[in-house]
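J.: You'll find protein.tsv just under this line, and it carries TSV, C-alpha atoms.
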```tsv
chain	number	residue	atom	x	y	z
A	297	MET	CA	10.03	21.82	20.24
A	298	THR	CA	13.24	19.85	20.65
A	299	ASP	CA	16.42	21.80	20.00
A	300	ASP	CA	17.86	21.08	16.53
A	301	THR	CA	21.29	20.35	18.00
A	302	THR	CA	19.96	17.42	20.03
A	303	SER	CA	20.91	13.98	18.80
A	304	TRP	CA	18.11	11.48	18.34
A	305	ASP	CA	18.21	7.76	18.77
A	306	ALA	CA	16.58	7.36	15.35
A	307	ILE	CA	15.46	9.57	12.48
A	308	VAL	CA	12.84	8.41	9.99
A	309	VAL	CA	12.86	10.17	6.63
A	310	GLY	CA	9.34	10.37	5.24
A	311	GLY	CA	6.05	10.48	7.15
A	312	GLY	CA	4.01	8.09	5.01
A	313	LEU	CA	2.32	5.13	6.67
A	314	GLY	CA	5.42	2.97	6.32
A	315	GLY	CA	7.66	5.55	7.95
A	316	LEU	CA	5.15	6.31	10.70
A	317	THR	CA	4.68	2.61	11.49
A	318	CYS	CA	8.44	2.11	11.72
A	319	ALA	CA	8.79	5.23	13.89
A	320	ALA	CA	5.98	4.12	16.19
A	321	TYR	CA	7.54	0.71	16.79
A	322	LEU	CA	10.95	2.25	17.42
A	323	ALA	CA	9.35	4.66	19.89
A	324	VAL	CA	7.51	1.89	21.73
A	325	ALA	CA	10.82	0.02	21.93
A	326	GLY	CA	12.32	2.96	23.82
A	327	ARG	CA	14.03	4.96	21.07
A	328	ARG	CA	13.71	8.76	20.87
A	329	VAL	CA	12.46	9.11	17.30
A	330	LEU	CA	12.21	12.09	14.96
A	331	VAL	CA	10.09	11.82	11.82
A	332	LEU	CA	10.92	14.30	9.04
A	333	GLU	CA	8.27	14.91	6.37
A	334	GLN	CA	8.72	17.33	3.46
A	335	HIS	CA	4.97	17.85	2.96
A	336	ASP	CA	2.88	20.09	5.23
A	337	ARG	CA	1.20	17.04	6.78
A	338	ALA	CA	2.02	13.43	7.51
A	339	GLY	CA	0.33	10.33	6.19
A	340	GLY	CA	1.38	10.17	2.55
A	341	ASN	CA	-1.48	8.68	0.53
A	342	SER	CA	-3.57	8.32	3.68
A	343	HIS	CA	-3.96	12.04	4.30
A	344	VAL	CA	-7.18	13.97	3.77
A	345	PHE	CA	-7.51	17.49	2.39
A	346	ARG	CA	-10.45	19.90	2.42
A	347	ARG	CA	-11.74	22.77	0.31
A	348	ARG	CA	-14.02	25.57	1.56
A	349	ARG	CA	-14.35	23.66	4.84
A	350	VAL	CA	-17.13	21.71	3.12
A	351	TYR	CA	-15.52	19.23	0.74
A	352	GLU	CA	-13.31	16.46	2.09
A	353	PHE	CA	-11.15	14.31	-0.16
A	354	ASP	CA	-9.37	11.12	0.92
A	355	VAL	CA	-6.23	11.19	-1.19
A	356	GLY	CA	-5.40	7.51	-1.52
A	357	VAL	CA	-7.43	5.27	0.77
A	358	HIS	CA	-10.15	3.58	-1.25
A	359	TYR	CA	-10.28	0.48	0.90
A	360	ILE	CA	-7.90	-1.55	3.05
A	361	GLY	CA	-7.85	-5.32	3.27
A	362	ASP	CA	-7.47	-7.71	6.19
A	363	CYS	CA	-8.81	-5.45	8.95
A	364	GLY	CA	-11.05	-8.03	10.63
A	365	PRO	CA	-10.30	-9.89	13.88
A	366	GLY	CA	-6.82	-11.34	13.61
A	367	GLY	CA	-6.09	-9.28	10.50
A	368	VAL	CA	-2.67	-7.84	9.79
A	369	VAL	CA	-3.68	-4.17	10.08
A	370	PRO	CA	-5.31	-4.51	13.54
A	371	ALA	CA	-2.34	-6.64	14.60
A	372	ILE	CA	0.05	-3.81	13.69
A	373	LEU	CA	-2.01	-1.30	15.68
A	374	ASN	CA	-2.48	-3.68	18.62
A	375	GLY	CA	1.27	-4.18	18.82
A	376	LEU	CA	1.56	-0.45	19.47
A	377	GLY	CA	-1.25	-0.34	22.02
A	378	ALA	CA	-3.35	1.64	19.54
A	379	GLY	CA	-5.83	-1.00	18.49
A	380	ASP	CA	-8.75	0.98	19.89
A	381	ARG	CA	-7.75	4.21	18.13
A	382	VAL	CA	-8.99	3.23	14.67
A	383	ARG	CA	-12.29	1.55	13.81
A	384	PHE	CA	-12.92	-0.13	10.47
A	385	HIS	CA	-16.16	-0.41	8.52
A	386	GLU	CA	-16.39	-3.57	6.43
A	387	LEU	CA	-17.51	-3.16	2.83
A	388	ASP	CA	-20.09	-5.54	1.39
A	389	PRO	CA	-18.48	-9.02	1.64
A	390	ASP	CA	-20.65	-10.18	-1.25
A	391	GLY	CA	-19.16	-7.59	-3.58
A	392	PHE	CA	-16.63	-4.98	-2.46
A	393	ASP	CA	-15.40	-4.49	-6.05
A	394	ARG	CA	-17.14	-4.60	-9.43
A	395	ILE	CA	-15.25	-5.54	-12.58
A	396	GLU	CA	-17.09	-4.54	-15.75
A	397	LEU	CA	-16.31	-5.62	-19.30
A	398	PRO	CA	-18.57	-5.43	-22.34
A	399	GLY	CA	-21.29	-7.98	-21.62
A	400	LEU	CA	-19.74	-9.09	-18.32
A	401	ALA	CA	-19.88	-7.80	-14.73
A	402	VAL	CA	-18.24	-9.56	-11.79
A	403	ASP	CA	-18.82	-8.49	-8.18
A	404	VAL	CA	-15.75	-9.58	-6.21
A	405	PRO	CA	-16.66	-11.19	-2.86
A	406	ALA	CA	-14.54	-11.80	0.22
A	407	GLY	CA	-13.03	-15.27	0.59
A	408	TRP	CA	-11.10	-17.46	-1.85
A	409	ALA	CA	-13.85	-20.05	-2.17
A	410	ALA	CA	-16.54	-17.44	-2.87
A	411	TYR	CA	-14.21	-15.72	-5.34
A	412	ARG	CA	-13.64	-19.00	-7.17
A	413	ASP	CA	-17.37	-19.74	-7.36
A	414	ARG	CA	-18.12	-16.24	-8.64
A	415	LEU	CA	-15.49	-16.61	-11.36
A	416	HIS	CA	-16.82	-20.05	-12.32
A	417	ARG	CA	-20.25	-18.58	-12.93
A	418	ALA	CA	-18.92	-15.60	-14.88
A	419	LEU	CA	-16.38	-17.55	-16.94
A	420	PRO	CA	-17.61	-21.15	-17.26
A	421	GLY	CA	-15.38	-21.89	-20.24
A	422	ASP	CA	-12.26	-21.16	-18.14
A	423	ARG	CA	-13.21	-23.27	-15.15
A	424	ALA	CA	-10.25	-25.68	-15.26
A	425	GLY	CA	-7.70	-22.96	-15.84
A	426	LEU	CA	-9.19	-20.80	-13.10
A	427	ASP	CA	-8.85	-23.63	-10.59
A	428	VAL	CA	-5.17	-24.06	-11.36
A	429	PHE	CA	-4.54	-20.30	-11.28
A	430	LEU	CA	-6.37	-19.78	-8.00
A	431	GLY	CA	-4.78	-22.85	-6.45
A	432	VAL	CA	-1.31	-21.46	-7.14
A	433	CYS	CA	-2.15	-17.94	-6.01
A	434	ARG	CA	-3.85	-19.04	-2.81
A	435	ALA	CA	-0.92	-21.32	-1.93
A	436	VAL	CA	1.66	-18.61	-2.65
A	437	ALA	CA	-0.31	-16.09	-0.58
A	438	GLY	CA	-0.61	-18.53	2.29
A	439	GLU	CA	3.12	-19.16	2.31
A	440	ARG	CA	3.85	-15.45	2.17
A	441	ARG	CA	1.68	-15.06	5.25
A	442	GLY	CA	3.78	-17.69	6.98
A	443	SER	CA	1.40	-20.63	6.90
A	444	LEU	CA	1.05	-23.73	4.75
A	445	LEU	CA	-2.25	-24.63	3.17
A	446	ALA	CA	-3.84	-28.03	3.23
A	447	PRO	CA	-2.59	-30.34	0.45
A	448	GLY	CA	-4.14	-29.51	-2.87
A	449	GLY	CA	-5.32	-26.00	-2.04
A	450	LEU	CA	-8.43	-25.19	-4.01
A	451	PRO	CA	-10.00	-27.88	-6.20
A	452	GLY	CA	-7.85	-28.26	-9.29
A	453	GLY	CA	-4.73	-27.00	-7.56
A	454	ASP	CA	-1.82	-29.41	-7.96
A	455	TRP	CA	0.37	-28.08	-5.14
A	456	THR	CA	1.02	-29.95	-1.94
A	457	SER	CA	2.18	-26.90	-0.04
A	458	GLY	CA	2.63	-23.19	-0.29
A	459	THR	CA	6.39	-23.75	-0.26
A	460	ALA	CA	6.28	-25.66	-3.55
A	461	ALA	CA	4.06	-23.04	-5.20
A	462	LEU	CA	6.22	-20.17	-3.98
A	463	ARG	CA	9.41	-21.85	-5.15
A	464	GLU	CA	8.00	-22.66	-8.59
A	465	TRP	CA	5.97	-19.55	-9.33
A	466	GLY	CA	6.62	-16.81	-6.77
A	467	ARG	CA	9.18	-14.77	-8.73
A	468	ARG	CA	7.88	-15.49	-12.22
A	469	PRO	CA	5.78	-12.92	-14.09
A	470	LEU	CA	2.05	-13.16	-13.64
A	471	GLY	CA	1.68	-13.39	-17.41
A	472	GLU	CA	3.52	-16.73	-17.40
A	473	LEU	CA	1.00	-18.22	-14.98
A	474	LEU	CA	-1.88	-16.89	-17.06
A	475	ASP	CA	-0.33	-18.57	-20.13
A	476	HIS	CA	0.28	-21.80	-18.19
A	477	CYS	CA	-3.41	-21.94	-17.27
A	478	ALA	CA	-4.49	-21.29	-20.90
A	479	LEU	CA	-6.96	-18.64	-19.83
A	480	SER	CA	-9.07	-16.58	-22.21
A	481	VAL	CA	-8.50	-12.86	-22.71
A	482	ARG	CA	-11.65	-12.09	-20.73
A	483	ALA	CA	-10.52	-14.28	-17.83
A	484	ARG	CA	-7.06	-12.69	-17.84
A	485	THR	CA	-8.62	-9.23	-17.75
A	486	VAL	CA	-10.86	-10.10	-14.81
A	487	LEU	CA	-8.06	-11.76	-12.85
A	488	ALA	CA	-5.66	-8.86	-13.45
A	489	ALA	CA	-8.21	-6.24	-12.40
A	490	GLN	CA	-6.37	-5.80	-9.07
A	491	SER	CA	-3.28	-4.55	-10.93
A	492	PRO	CA	-3.96	-0.84	-10.14
A	493	ASN	CA	-3.45	-1.72	-6.46
A	494	TYR	CA	0.16	-2.69	-7.13
A	495	GLY	CA	0.75	-0.61	-10.26
A	496	LEU	CA	2.14	-3.26	-12.60
A	497	GLY	CA	0.89	-5.16	-15.62
A	498	PRO	CA	1.03	-8.98	-15.93
A	499	GLY	CA	4.34	-8.77	-17.74
A	500	GLU	CA	6.06	-6.96	-14.85
A	501	ALA	CA	4.21	-8.08	-11.71
A	502	THR	CA	5.32	-11.32	-10.11
A	503	VAL	CA	2.89	-14.05	-9.16
A	504	SER	CA	3.87	-13.43	-5.55
A	505	THR	CA	2.90	-9.75	-5.76
A	506	HIS	CA	-0.45	-10.49	-7.38
A	507	ALA	CA	-1.27	-13.33	-4.98
A	508	THR	CA	-0.38	-11.33	-1.89
A	509	VAL	CA	-2.46	-8.28	-2.88
A	510	THR	CA	-5.42	-10.42	-3.95
A	511	ASP	CA	-5.30	-12.36	-0.68
A	512	HIS	CA	-5.13	-9.11	1.27
A	513	TYR	CA	-8.49	-7.96	-0.07
A	514	LEU	CA	-10.14	-11.37	-0.17
A	515	ARG	CA	-9.69	-11.39	3.60
A	516	GLY	CA	-12.21	-8.56	3.66
A	517	ALA	CA	-12.22	-4.98	2.41
A	518	TYR	CA	-12.63	-2.19	4.96
A	519	TYR	CA	-12.64	1.58	5.26
A	520	PRO	CA	-11.27	3.37	8.34
A	521	VAL	CA	-14.03	5.29	10.09
A	522	GLY	CA	-13.11	8.97	9.77
A	523	GLY	CA	-10.98	8.43	6.67
A	524	GLY	CA	-7.40	7.46	5.98
A	525	GLN	CA	-6.14	10.30	8.18
A	526	MET	CA	-7.14	8.26	11.24
A	527	LEU	CA	-4.36	5.76	10.55
A	528	ALA	CA	-1.68	8.45	10.37
A	529	ALA	CA	-3.08	10.26	13.42
A	530	ALA	CA	-2.97	7.09	15.53
A	531	LEU	CA	0.64	6.40	14.58
A	532	VAL	CA	1.73	9.99	15.25
A	533	GLU	CA	0.06	9.82	18.66
A	534	VAL	CA	2.11	6.74	19.51
A	535	VAL	CA	5.36	8.41	18.45
A	536	GLU	CA	4.64	11.56	20.45
A	537	ALA	CA	3.36	9.68	23.51
A	538	HIS	CA	6.76	7.97	23.75
A	539	GLY	CA	8.83	11.14	23.49
A	540	GLY	CA	9.21	11.29	19.73
A	541	GLU	CA	8.40	14.12	17.35
A	542	LEU	CA	7.01	14.72	13.87
A	543	ARG	CA	8.26	17.70	11.86
A	544	THR	CA	6.56	18.64	8.62
A	545	ARG	CA	7.95	20.93	5.90
A	546	SER	CA	11.32	19.35	6.67
A	547	ARG	CA	12.98	18.11	3.49
A	548	VAL	CA	16.05	15.93	3.97
A	549	ALA	CA	18.89	16.71	1.56
A	550	ARG	CA	21.17	13.83	2.51
A	551	ILE	CA	21.84	11.08	5.01
A	552	ASP	CA	25.15	11.78	6.71
A	553	ILE	CA	27.58	8.87	6.72
A	554	ALA	CA	31.10	8.75	8.12
A	555	GLY	CA	32.96	5.74	6.76
A	556	ARG	CA	30.38	2.99	7.09
A	557	THR	CA	28.51	4.59	9.98
A	558	VAL	CA	25.37	6.71	9.80
A	559	THR	CA	25.65	9.90	11.85
A	560	GLY	CA	22.38	11.69	11.07
A	561	VAL	CA	20.84	13.80	8.31
A	562	THR	CA	21.25	17.22	6.77
A	563	LEU	CA	18.11	19.18	5.87
A	564	ALA	CA	17.59	21.20	2.70
A	565	ASP	CA	18.07	24.42	4.72
A	566	GLY	CA	21.51	23.26	5.85
A	567	ARG	CA	20.69	22.22	9.41
A	568	SER	CA	22.17	18.94	10.64
A	569	LEU	CA	20.48	16.49	13.00
A	570	GLY	CA	22.36	13.66	14.64
A	571	ALA	CA	21.21	10.06	15.00
A	572	SER	CA	22.88	6.67	15.14
A	573	LEU	CA	20.02	5.13	13.14
A	574	VAL	CA	18.36	6.58	10.03
A	575	VAL	CA	15.48	4.86	8.27
A	576	SER	CA	14.41	6.12	4.84
A	577	ASN	CA	10.78	5.85	3.81
A	578	ALA	CA	11.52	8.04	0.78
A	579	ASP	CA	11.49	6.73	-2.77
A	580	TYR	CA	14.14	4.03	-2.91
A	581	ARG	CA	15.82	5.47	-6.03
A	582	ARG	CA	16.21	8.79	-4.26
A	583	THR	CA	17.41	7.01	-1.13
A	584	VAL	CA	20.16	5.13	-2.94
A	585	LEU	CA	21.22	7.69	-5.54
A	586	GLU	CA	20.74	10.95	-3.64
A	587	LEU	CA	20.17	10.70	0.10
A	588	ALA	CA	22.81	8.10	0.93
A	589	GLY	CA	24.71	8.25	-2.36
A	590	PRO	CA	25.74	5.41	-4.70
A	591	GLY	CA	29.17	5.12	-3.09
A	592	HIS	CA	27.63	3.36	-0.08
A	593	PHE	CA	26.05	0.50	-2.04
A	594	SER	CA	27.34	-2.35	-4.15
A	595	ALA	CA	27.71	-1.81	-7.90
A	596	LYS	CA	24.93	-4.36	-8.48
A	597	VAL	CA	22.48	-2.48	-6.27
A	598	VAL	CA	23.35	0.85	-7.87
A	599	ALA	CA	22.98	-0.53	-11.39
A	600	ARG	CA	19.62	-2.11	-10.58
A	601	THR	CA	18.46	1.14	-8.99
A	602	ARG	CA	19.48	3.25	-11.97
A	603	ASP	CA	17.64	0.89	-14.31
A	604	ALA	CA	14.45	0.83	-12.24
A	605	ALA	CA	11.38	2.22	-14.02
A	606	MET	CA	8.26	3.75	-12.57
A	607	ALA	CA	5.18	1.56	-12.28
A	608	LEU	CA	1.86	2.35	-13.94
A	609	PRO	CA	1.02	6.04	-13.36
A	610	PHE	CA	-2.20	7.44	-12.00
A	611	VAL	CA	-3.78	10.83	-12.50
A	612	THR	CA	-6.51	11.61	-9.99
A	613	LEU	CA	-9.08	14.38	-10.37
A	614	TYR	CA	-11.04	15.38	-7.27
A	615	VAL	CA	-14.49	16.73	-8.14
A	616	ALA	CA	-17.04	18.38	-5.84
A	617	LEU	CA	-20.58	19.28	-6.85
A	618	ASP	CA	-22.37	22.27	-5.36
A	619	ARG	CA	-25.87	21.02	-6.08
A	620	GLU	CA	-27.58	23.89	-4.24
A	621	LEU	CA	-25.76	26.66	-6.14
A	622	PRO	CA	-26.91	28.20	-9.45
A	623	PRO	CA	-26.40	25.94	-12.50
A	624	ARG	CA	-23.44	27.95	-13.79
A	625	ARG	CA	-21.51	26.97	-10.65
A	626	GLU	CA	-22.85	23.48	-10.23
A	627	ALA	CA	-19.55	21.74	-10.90
A	628	ASN	CA	-16.34	22.78	-9.21
A	629	LEU	CA	-13.06	21.13	-10.16
A	630	TRP	CA	-9.86	21.27	-8.16
```
Any chance you could put this one into structure tokens?
T.:
Amino acid sequence: MTDDTTSWDAIVVGGGLGGLTCAAYLAVAGRRVLVLEQHDRAGGNSHVFRRRRVYEFDVGVHYIGDCGPGGVVPAILNGLGAGDRVRFHELDPDGFDRIELPGLAVDVPAGWAAYRDRLHRALPGDRAGLDVFLGVCRAVAGERRGSLLAPGGLPGGDWTSGTAALREWGRRPLGELLDHCALSVRARTVLAAQSPNYGLGPGEATVSTHATVTDHYLRGAYYPVGGGQMLAAALVEVVEAHGGELRTRSRVARIDIAGRTVTGVTLADGRSLGASLVVSNADYRRTVLELAGPGHFSAKVVARTRDAAMALPFVTLYVALDRELPPRREANLW
């Protein structure tokens, strides 16, 4: 293990997928990188845990979008020379999600055109409004991906380019677009069914957020072969192969700053580690208000950070069934 007194070129606080991806690219670029993770394993919501060496639970990876040829996830891995380290299994392109309401079930397919047709059949009374809504969202998503769509987008769309849609609607609440399209309650519910993936309701989520997440999955839904842990493992391998290091059970207490210059971090146990570059993948409120401290940010940023509220919460229960054990022990809850 590297001596704690050694200075690093870069320290990344937090070993979730964002932090690991950043660390891997810094390492490939020639930086000596240290990743500090307070948990006992890296990966954040991508990690897997086991019970009794029999039950395996994938903490957060349900599916990942855009993992096909030319997709953003393979592109990230290919840029690190790790494209062959993770394989992806595509979920049913004719229905990777099912949205169920009383008297209505919609299987969500891959592809904007197929998605539109499926919605037309399920919600025929909202056809015109759906076309406008999907035209805006597809154009905004295309612009966010860095490309302009053909004039008009989907049938019924009145946008000549993704730039116009993004400028008009990108930062406005999703609820405003739903109102603009005069959609029924059932249509709004179906369209907003992706909201758990970004944790906000239509009143808080922007059109840009909704469009980007929807586009991500409409480009195909996939599951990493071997579970979400394979993504974290591949990124850690890249970091270590280029002279970097991952340390778990290493909670950062603060980012050390002298004047306007970062000098490293101090751990919860009092040890200091030097680095001329520190990247925080920790919660941004904790980064601003605790790790760096509010004195290093503008009053506007600090005020906005203090006022920030948590998104929609989730409570997850992992259940394993011992079907071969006596009935009194058939269900085990952890």
J.: What is the distance between CA of Ala605 in chain A and CA of Leu332 in chain A, in Å to one decimal?
T.: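 It comes out at 26.0 Å.
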J.: For Gly497 in chain A, which residue among A:Ala604, A:Met526, A:Val382, A:Leu470 is the nearest when counting only C-alpha atoms?
T.: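 The closest residue to Gly497 in chain A is A:Leu470.
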J.: Could you jot down the CA of Asp579 in chain A to CA of Gly499 in chain A separation for me, Å, one decimal place?
T.: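 Atom-to-atom, CA of Asp579 in chain A and CA of Gly499 in chain A are spaced 22.7 Å apart.
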J.: Rounded to one decimal, what separation in Å do you get between CA of Val509 in chain A and CA of Val404 in chain A?
T.: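 That distance, rounded to one decimal, is 13.8 Å.
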J.: With distances taken over all atoms listed in the file, which of A:Gly431, A:Gly539, A:Gly466, A:Pro370 is nearest to Arg412 in chain A?
T.: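 Smallest separation from Arg412 in chain A among the options: A:Gly431.
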J.: Pick out the closest residue to Gly425 in chain A from this set: A:Gly391, A:Leu514, A:Leu487, A:Gly377. Count only C-alpha atoms.
T.: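 Once distances to Gly425 in chain A are computed over only C-alpha atoms, the minimum belongs to A:Leu487.
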J.: Using all atoms listed in the file, which residue out of A:Ala537, A:Thr559, A:Tyr519, A:Thr317 lies closest to Gly375 in chain A?
T.: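 Closest to Gly375 in chain A, using all atoms listed in the file: A:Thr317.
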J.: Of the candidates A:Cys318, A:Val611, A:Ala401, A:Ile372, which one gets nearest to Ala483 in chain A if we count only C-alpha atoms?
T.: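 Of A:Cys318, A:Val611, A:Ala401, A:Ile372, the one nearest Ala483 in chain A, counting only C-alpha atoms, is A:Ala401.
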J.: Let me make sure I understand: among A:Asp427, A:Glu500, A:Asn493, A:Ala588, which one has the smallest atom-to-atom distance to Gly356 in chain A if we use all atoms listed in the file?
T.: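 So, comparing all the options, the nearest one is A:Asn493.
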J.: Just want the 12 Å neighbourhood of Ile395 in chain A, counted on all atoms listed in the file, with same-chain residues fewer than 5 positions away dropped. Output as number ranges by chain.
T.: A: 400-405, 414-415, 418, 482-483, 485-490
J.: Export, as a short mmCIF file (atom, residue, chain, number, x, y, z; two decimals), keeping the file's coordinate frame, the selected residues with C-alpha atoms.
T.:
```cif
data_model
loop_
_atom_site.label_atom_id
_atom_site.label_comp_id
_atom_site.auth_asym_id
_atom_site.auth_seq_id
_atom_site.Cartn_x
_atom_site.Cartn_y
_atom_site.Cartn_z
CA LEU A 400 -19.74 -9.09 -18.32
CA ALA A 401 -19.88 -7.80 -14.73
CA VAL A 402 -18.24 -9.56 -11.79
CA ASP A 403 -18.82 -8.49 -8.18
CA VAL A 404 -15.75 -9.58 -6.21
CA PRO A 405 -16.66 -11.19 -2.86
CA ARG A 414 -18.12 -16.24 -8.64
CA LEU A 415 -15.49 -16.61 -11.36
CA ALA A 418 -18.92 -15.60 -14.88
CA ARG A 482 -11.65 -12.09 -20.73
CA ALA A 483 -10.52 -14.28 -17.83
CA THR A 485 -8.62 -9.23 -17.75
CA VAL A 486 -10.86 -10.10 -14.81
CA LEU A 487 -8.06 -11.76 -12.85
CA ALA A 488 -5.66 -8.86 -13.45
CA ALA A 489 -8.21 -6.24 -12.40
CA GLN A 490 -6.37 -5.80 -9.07
#
```
J.: Please tabulate, as a tab-separated table, the residues of range 317-411 of chain A that come within 10 Å of range 543-549 of chain A, each with its closest pair of atoms and the distance in Å to one decimal, counting only C-alpha atoms and ordering rows by chain, then residue number upward.
T.:
```
residue	atom	partner	partner_atom	distance
A:Leu330	CA	A:Arg543	CA	7.5
A:Val331	CA	A:Arg543	CA	6.2
A:Leu332	CA	A:Arg543	CA	5.2
A:Glu333	CA	A:Thr544	CA	4.7
A:Gln334	CA	A:Arg547	CA	4.3
A:His335	CA	A:Arg545	CA	5.2
A:Asp336	CA	A:Arg545	CA	5.2
A:Arg337	CA	A:Thr544	CA	5.9
A:Ala338	CA	A:Thr544	CA	7.0
```
J.: Please put the answer as AutoDock Vina command-line options: centre and edge lengths, in Å with one decimal, of a box along x, y and z that encloses all listed atoms of range 551-559 of chain A plus 8 Å on each side.
T.:
```
--center_x 27.4 --center_y 7.4 --center_z 8.4 --size_x 27.1 --size_y 24.8 --size_z 22.8
```
J.: Neighbourhood query: residues within 9 Å of (7.7, 5.7, 15.5), file coordinates, counting all atoms listed in the file; return as an NGL selection string.
T.: :A and (308 or 315-324 or 327-331 or 531-532 or 534-536 or 538 or 540-541)
J.: Can I get N, CA and C atoms for range 588-604 of chain A, as a compact mmCIF listing (two decimals), in the first residue's frame?
T.:
```
# COMPACT_ATOMS: atom_id res chain seq x y z
N ALA A 588 -15.67 21.18 1.66
CA ALA A 588 -14.91 22.37 1.27
C ALA A 588 -15.21 23.53 2.21
N GLY A 589 -16.47 23.68 2.58
CA GLY A 589 -16.87 24.78 3.47
C GLY A 589 -17.47 25.92 2.68
N PRO A 590 -18.53 26.55 3.19
CA PRO A 590 -19.23 27.60 2.46
C PRO A 590 -18.39 28.82 2.15
N GLY A 591 -17.30 29.02 2.89
CA GLY A 591 -16.46 30.19 2.64
C GLY A 591 -15.75 30.17 1.31
N HIS A 592 -15.75 29.03 0.62
CA HIS A 592 -15.05 28.92 -0.66
C HIS A 592 -15.98 29.00 -1.86
N PHE A 593 -17.24 29.35 -1.62
CA PHE A 593 -18.21 29.47 -2.70
C PHE A 593 -18.93 30.81 -2.61
N SER A 594 -19.54 31.20 -3.71
CA SER A 594 -20.27 32.46 -3.73
C SER A 594 -21.50 32.35 -2.82
N ALA A 595 -22.00 33.50 -2.37
CA ALA A 595 -23.17 33.52 -1.50
C ALA A 595 -24.37 32.90 -2.21
N LYS A 596 -24.46 33.09 -3.52
CA LYS A 596 -25.58 32.54 -4.29
C LYS A 596 -25.55 31.02 -4.29
N VAL A 597 -24.36 30.46 -4.50
CA VAL A 597 -24.22 29.00 -4.50
C VAL A 597 -24.52 28.44 -3.13
N VAL A 598 -24.04 29.08 -2.09
CA VAL A 598 -24.27 28.59 -0.73
C VAL A 598 -25.75 28.64 -0.38
N ALA A 599 -26.42 29.75 -0.74
CA ALA A 599 -27.84 29.87 -0.44
C ALA A 599 -28.65 28.81 -1.17
N ARG A 600 -28.33 28.59 -2.45
CA ARG A 600 -29.04 27.58 -3.23
C ARG A 600 -28.80 26.18 -2.65
N THR A 601 -27.58 25.95 -2.18
CA THR A 601 -27.25 24.65 -1.60
C THR A 601 -28.00 24.42 -0.30
N ARG A 602 -28.06 25.44 0.54
CA ARG A 602 -28.77 25.30 1.81
C ARG A 602 -30.27 25.05 1.60
N ASP A 603 -30.81 25.63 0.54
CA ASP A 603 -32.25 25.49 0.27
C ASP A 603 -32.60 24.21 -0.47
N ALA A 604 -31.59 23.48 -0.95
CA ALA A 604 -31.86 22.29 -1.74
C ALA A 604 -32.56 21.23 -0.89
```
